[in-house]
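J.: Can you keep this structure in mind? I'll have questions shortly.
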Amino acid sequence: MLWSFIAVFFSGWLYVDASYRGPGWQRWVFKPVTLLLLLLLAWQAPMLNATGYLIVAGLLATLLGDALTLLPTQRMLYAIGAFFLSHLLYTLYFASQMTFSLFWPLPLVLLIVGALLVAVIWTRLETFRWPILTFIGMTLVMVWLAGELYFYLPTRPGFSGFIGATLLLLGNIVWLGSHYRRRFTGDSAIAAACYFAGHFMIVRALYI
């Protein structure tokens, strides 16, 4: 676990650094490498069960989505679909471990966050309006169920999964806000850091 963590951290840091100030080739190389290392880390989890494979499948969908973003913009719709599938698989993983409970402040906060995000970017989405709205909704549901799992059963794996889902949401907020509203210094690096840290924390839930 230690050496795998170091490899993931080093590869992810190289990508985040490249997103901020590095050459383009470094981004092309270390984004898929980091995801492949995360996939290997998940696959080697000592107690990988049927629900754990949902995380593996989610990482595979993420890897596919990232590959599609490297193609012409006509493929962006398919990339959004792959990211939606990744978050759906993570959501099913969280849902499979809990009985329904409701910690009402969490969905209320998420609804407010989602509404503000949509209000900021809605007029700039154009043809991607409904796909991105659906993707945002899926991400919010993922964070909601991850949080419900943790508040219902406050264990270390539950906490790790909740933090991971929240980081993925934060990364998407930065990415969508900067892409469709206004760029700012370090936006790509911040989004990438949240992206990799989020996936890592979800994978980490398989180990603790």
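Ligands are numbered from 1 in the order shown, residues from 1 within each chain, and chains are lettered A, B, ... in the order they appear in the structure tokens.
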Within 7 Å of segment 140-153 of chain A, counting only C-alpha atoms, which residues show up once you throw out same-chain ones fewer than 3 positions away? Write them as a tab-separated table (two decimals) with all heavy atoms, in the first residue's frame, please.
T.:
```tsv
chain	number	residue	atom	x	y	z
A	87	HIS	N	-19.44	7.85	-12.04
A	87	HIS	CA	-20.08	8.31	-10.80
A	87	HIS	C	-21.28	7.44	-10.44
A	87	HIS	O	-21.57	7.25	-9.25
A	87	HIS	CB	-20.48	9.77	-10.94
A	87	HIS	CG	-19.31	10.71	-10.96
A	87	HIS	ND1	-19.43	12.08	-10.96
A	87	HIS	CD2	-17.97	10.47	-10.98
A	87	HIS	CE1	-18.24	12.63	-10.97
A	87	HIS	NE2	-17.34	11.67	-10.99
A	90	TYR	N	-19.81	4.39	-8.73
A	90	TYR	CA	-19.42	4.73	-7.36
A	90	TYR	C	-20.66	4.86	-6.47
A	90	TYR	O	-20.66	4.43	-5.31
A	90	TYR	CB	-18.66	6.06	-7.34
A	90	TYR	CG	-17.24	5.99	-7.86
A	90	TYR	CD1	-16.57	7.14	-8.26
A	90	TYR	CD2	-16.56	4.78	-7.97
A	90	TYR	CE1	-15.27	7.10	-8.73
A	90	TYR	CE2	-15.27	4.73	-8.44
A	90	TYR	CZ	-14.63	5.90	-8.83
A	90	TYR	OH	-13.34	5.85	-9.29
A	91	THR	N	-21.73	5.45	-7.01
A	91	THR	CA	-22.97	5.60	-6.25
A	91	THR	C	-23.54	4.24	-5.88
A	91	THR	O	-24.00	4.03	-4.74
A	91	THR	CB	-23.99	6.40	-7.08
A	91	THR	OG1	-23.46	7.69	-7.39
A	91	THR	CG2	-25.29	6.57	-6.31
A	94	PHE	N	-21.63	2.84	-2.93
A	94	PHE	CA	-22.04	3.40	-1.64
A	94	PHE	C	-23.42	2.88	-1.22
A	94	PHE	O	-23.64	2.54	-0.06
A	94	PHE	CB	-22.06	4.92	-1.72
A	94	PHE	CG	-20.72	5.55	-1.97
A	94	PHE	CD1	-20.54	6.49	-2.97
A	94	PHE	CD2	-19.61	5.19	-1.20
A	94	PHE	CE1	-19.30	7.07	-3.21
A	94	PHE	CE2	-18.36	5.75	-1.44
A	94	PHE	CZ	-18.21	6.70	-2.44
A	95	ALA	N	-24.33	2.82	-2.20
A	95	ALA	CA	-25.70	2.39	-1.89
A	95	ALA	C	-25.76	0.93	-1.45
A	95	ALA	O	-26.63	0.55	-0.65
A	95	ALA	CB	-26.61	2.61	-3.10
A	98	MET	N	-25.50	0.25	2.58
A	98	MET	CA	-26.28	0.98	3.57
A	98	MET	C	-27.75	0.62	3.45
A	98	MET	O	-28.23	0.15	2.42
A	98	MET	CB	-26.11	2.49	3.37
A	98	MET	CG	-26.54	2.98	1.99
A	98	MET	SD	-26.36	4.76	1.79
A	98	MET	CE	-27.65	5.36	2.88
A	101	SER	N	-31.27	5.92	5.14
A	101	SER	CA	-31.47	6.86	6.25
A	101	SER	C	-31.38	8.25	5.66
A	101	SER	O	-30.94	8.43	4.53
A	101	SER	CB	-30.39	6.66	7.34
A	101	SER	OG	-29.11	6.93	6.81
A	102	LEU	N	-31.78	9.25	6.41
A	102	LEU	CA	-31.79	10.61	5.87
A	102	LEU	C	-31.21	11.58	6.88
A	102	LEU	O	-31.78	11.81	7.94
A	102	LEU	CB	-33.21	11.04	5.49
A	102	LEU	CG	-33.32	12.45	4.88
A	102	LEU	CD1	-32.52	12.53	3.58
A	102	LEU	CD2	-34.78	12.80	4.63
A	103	PHE	N	-30.03	12.11	6.54
A	103	PHE	CA	-29.44	13.20	7.30
A	103	PHE	C	-29.76	14.46	6.50
A	103	PHE	O	-29.02	14.84	5.59
A	103	PHE	CB	-27.94	12.97	7.45
A	103	PHE	CG	-27.22	14.06	8.19
A	103	PHE	CD1	-27.43	14.26	9.54
A	103	PHE	CD2	-26.32	14.89	7.52
A	103	PHE	CE1	-26.77	15.28	10.22
A	103	PHE	CE2	-25.65	15.90	8.20
A	103	PHE	CZ	-25.87	16.09	9.54
A	106	LEU	N	-27.59	17.40	4.62
A	106	LEU	CA	-26.69	17.10	3.50
A	106	LEU	C	-27.37	17.29	2.15
A	106	LEU	O	-26.84	18.02	1.29
A	106	LEU	CB	-26.12	15.69	3.65
A	106	LEU	CG	-25.16	15.23	2.55
A	106	LEU	CD1	-23.96	16.17	2.46
A	106	LEU	CD2	-24.70	13.81	2.81
A	107	PRO	N	-28.52	16.65	1.88
A	107	PRO	CA	-29.15	16.89	0.57
A	107	PRO	C	-29.56	18.35	0.37
A	107	PRO	O	-29.53	18.85	-0.76
A	107	PRO	CB	-30.37	15.96	0.57
A	107	PRO	CG	-30.61	15.62	2.00
A	107	PRO	CD	-29.27	15.64	2.66
A	110	LEU	N	-26.41	20.14	-0.73
A	110	LEU	CA	-26.06	19.73	-2.08
A	110	LEU	C	-27.00	20.33	-3.12
A	110	LEU	O	-26.55	20.71	-4.22
A	110	LEU	CB	-26.06	18.21	-2.18
A	110	LEU	CG	-24.95	17.50	-1.41
A	110	LEU	CD1	-25.15	15.99	-1.45
A	110	LEU	CD2	-23.58	17.85	-2.01
A	136	ILE	N	-24.10	16.63	-13.47
A	136	ILE	CA	-24.06	17.30	-12.18
A	136	ILE	C	-25.00	16.63	-11.19
A	136	ILE	O	-24.66	16.39	-10.02
A	136	ILE	CB	-24.42	18.80	-12.33
A	136	ILE	CG1	-23.33	19.53	-13.11
A	136	ILE	CG2	-24.62	19.45	-10.97
A	136	ILE	CD1	-23.70	20.97	-13.48
A	137	GLY	N	-26.20	16.29	-11.66
A	137	GLY	CA	-27.15	15.61	-10.79
A	137	GLY	C	-26.63	14.28	-10.28
A	137	GLY	O	-26.78	13.95	-9.10
A	158	GLY	N	-16.06	4.54	5.28
A	158	GLY	CA	-17.14	5.46	4.93
A	158	GLY	C	-16.66	6.89	4.84
A	158	GLY	O	-17.05	7.64	3.94
A	159	PHE	N	-15.79	7.29	5.79
A	159	PHE	CA	-15.24	8.65	5.77
A	159	PHE	C	-14.38	8.87	4.54
A	159	PHE	O	-14.47	9.91	3.88
A	159	PHE	CB	-14.42	8.88	7.04
A	159	PHE	CG	-13.79	10.24	7.10
A	159	PHE	CD1	-14.56	11.37	7.37
A	159	PHE	CD2	-12.42	10.39	6.90
A	159	PHE	CE1	-13.97	12.62	7.43
A	159	PHE	CE2	-11.83	11.65	6.95
A	159	PHE	CZ	-12.60	12.76	7.21
A	161	GLY	N	-14.58	7.33	1.63
A	161	GLY	CA	-15.43	7.42	0.46
A	161	GLY	C	-16.15	8.75	0.37
A	161	GLY	O	-16.28	9.33	-0.72
A	162	PHE	N	-16.62	9.27	1.50
A	162	PHE	CA	-17.31	10.56	1.53
A	162	PHE	C	-16.38	11.70	1.12
A	162	PHE	O	-16.74	12.56	0.31
A	162	PHE	CB	-17.89	10.80	2.91
A	162	PHE	CG	-18.61	12.10	3.07
A	162	PHE	CD1	-19.47	12.57	2.09
A	162	PHE	CD2	-18.44	12.87	4.22
A	162	PHE	CE1	-20.15	13.77	2.24
A	162	PHE	CE2	-19.11	14.07	4.37
A	162	PHE	CZ	-19.96	14.53	3.37
A	165	ALA	N	-15.73	11.38	-2.69
A	165	ALA	CA	-16.85	11.86	-3.51
A	165	ALA	C	-16.95	13.39	-3.46
A	165	ALA	O	-17.22	14.04	-4.48
A	165	ALA	CB	-18.14	11.23	-3.01
A	166	THR	N	-16.72	13.97	-2.28
A	166	THR	CA	-16.77	15.43	-2.15
A	166	THR	C	-15.68	16.09	-2.98
A	166	THR	O	-15.91	17.13	-3.62
A	166	THR	CB	-16.64	15.83	-0.67
A	166	THR	OG1	-17.67	15.20	0.10
A	166	THR	CG2	-16.73	17.33	-0.50
```
J.: Near Asn49 of chain A, counting only C-alpha atoms, which residues have an atom at most 12 Å away, once you skip same-chain residues fewer than 3 positions from it, shown as a ChimeraX atom specification?
T.: /A:42-46,52-56,93,96-97,206-207
J.: Using C-alpha atoms, can you export the residues from the last selection as a tab-separated table (two decimals), in the first residue's frame?
T.:
```
chain	number	residue	atom	x	y	z
A	42	ALA	CA	-7.94	-1.02	-6.47
A	43	TRP	CA	-7.40	-4.40	-8.13
A	44	GLN	CA	-4.84	-5.37	-5.48
A	45	ALA	CA	-7.12	-4.56	-2.53
A	46	PRO	CA	-6.78	-7.47	-0.06
A	52	GLY	CA	-15.54	-3.51	-4.67
A	53	TYR	CA	-15.52	-4.30	-8.38
A	54	LEU	CA	-17.90	-1.38	-8.83
A	55	ILE	CA	-14.98	0.90	-7.93
A	56	VAL	CA	-12.74	-0.91	-10.41
A	93	TYR	CA	-20.99	1.01	-4.41
A	96	SER	CA	-24.87	-1.33	-1.65
A	97	GLN	CA	-23.47	-0.89	1.87
A	206	LEU	CA	-11.14	-0.73	-0.05
A	207	TYR	CA	-8.07	-0.94	2.18
```
J.: Name the residues in contact with Ile132 of chain A at a cut-off of 10 Å, using only C-alpha atoms, excluding same-chain residues fewer than 2 positions from it; report them as an MDAnalysis selection string.
T.: chainID A and resid 77 80:81 84 118 122 125 127:130 134:138 176
J.: Measuring between only C-alpha atoms, which one of A:Leu36, A:Ile208, A:Leu70, A:Leu111 shows the shortest distance to Arg156 of chain A?
T.: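 Closest residue, counting only C-alpha atoms: A:Ile208.
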J.: Between A:Ala79, A:Leu88, A:Leu35, A:Ala205, which has the minimum distance to Thr155 of chain A (counting only C-alpha atoms)?
T.: A:Ala205
J.: What is the atom CA of Leu92 of chain A-atom CA of Leu170 of chain A distance in Å, reported with one decimal?
T.: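 Distance between the two atoms: 20.2 Å.
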J.: Mind giving me the straight-line distance from atom CA of Leu59 of chain A to atom CA of Leu167 of chain A in Å, one decimal?
T.: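 Atom CA of Leu59 of chain A sits 15.2 Å away from atom CA of Leu167 of chain A.
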J.: Using Å and a single decimal, report how far atom CA of Tyr180 of chain A sits from atom CA of Ala115 of chain A.
T.: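 About the pair atom CA of Ala115 of chain A and atom CA of Tyr180 of chain A: they are 15.4 Å apart.
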J.: Need the shell around segment 18-28 of chain A: protein/DNA/RNA residues with any atom at most 9 Å away, counting only C-alpha atoms. Skip same-chain ones fewer than 5 positions apart. Format as a list in words?
T.: Trp13, Leu70, Thr185, Gly186, Asp187, Ser188, Ala189, Ile190 and Ala192 of chain A
J.: Please produce a file of those selected residues containing N, CA, C and O atoms, as a short mmCIF file (atom, residue, chain, number, x, y, z; two decimals), in the first residue's frame.
T.:
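For reference, part36.cif as written:
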```
data_model
loop_
_atom_site.label_atom_id
_atom_site.label_comp_id
_atom_site.auth_asym_id
_atom_site.auth_seq_id
_atom_site.Cartn_x
_atom_site.Cartn_y
_atom_site.Cartn_z
N TRP A 13 1.09 14.11 -8.93
CA TRP A 13 1.73 15.41 -8.73
C TRP A 13 2.36 15.92 -10.02
O TRP A 13 2.27 17.11 -10.34
N LEU A 70 -9.46 13.53 -25.21
CA LEU A 70 -8.30 13.83 -26.05
C LEU A 70 -8.66 13.84 -27.53
O LEU A 70 -7.86 14.27 -28.35
N THR A 185 -6.20 31.68 -12.60
CA THR A 185 -4.87 31.10 -12.45
C THR A 185 -4.92 29.82 -11.61
O THR A 185 -5.46 29.83 -10.50
N GLY A 186 -4.38 28.75 -12.16
CA GLY A 186 -4.31 27.50 -11.43
C GLY A 186 -5.58 26.68 -11.46
O GLY A 186 -5.67 25.68 -10.75
N ASP A 187 -6.57 27.06 -12.28
CA ASP A 187 -7.83 26.33 -12.27
C ASP A 187 -7.66 24.87 -12.69
O ASP A 187 -8.21 23.96 -12.07
N SER A 188 -6.86 24.62 -13.73
CA SER A 188 -6.65 23.25 -14.19
C SER A 188 -5.93 22.41 -13.14
O SER A 188 -6.25 21.24 -12.94
N ALA A 189 -4.95 23.02 -12.46
CA ALA A 189 -4.20 22.30 -11.43
C ALA A 189 -5.10 21.96 -10.24
O ALA A 189 -5.03 20.86 -9.69
N ILE A 190 -5.96 22.90 -9.84
CA ILE A 190 -6.86 22.65 -8.70
C ILE A 190 -7.85 21.55 -9.05
O ILE A 190 -8.09 20.63 -8.26
N ALA A 192 -7.47 19.18 -11.26
CA ALA A 192 -6.75 17.91 -11.36
C ALA A 192 -6.42 17.35 -9.99
O ALA A 192 -6.52 16.13 -9.76
#
```
J.: Go through A:Ser160, A:Thr123, A:Thr51, A:Thr139 one by one, measure the shortest atom-to-atom distance of each to Arg181 of chain A using only C-alpha atoms, and give the residue with the smallest value.
T.: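 Among the listed residues, A:Thr123 lies closest to Arg181 of chain A.
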J.: So, counting only C-alpha atoms, which residue among A:Trp104, A:Phe9, A:Phe83, A:Tyr15 is closest to Val29 of chain A?
T.: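 Closest to Val29 of chain A of all the choices is A:Tyr15.
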J.: From the DSSP assignment of the backbone, select every residue of segment 7-174 of chain A that is helix (DSSP H, G or I), and format the answer as a count of residues only.
T.: 141
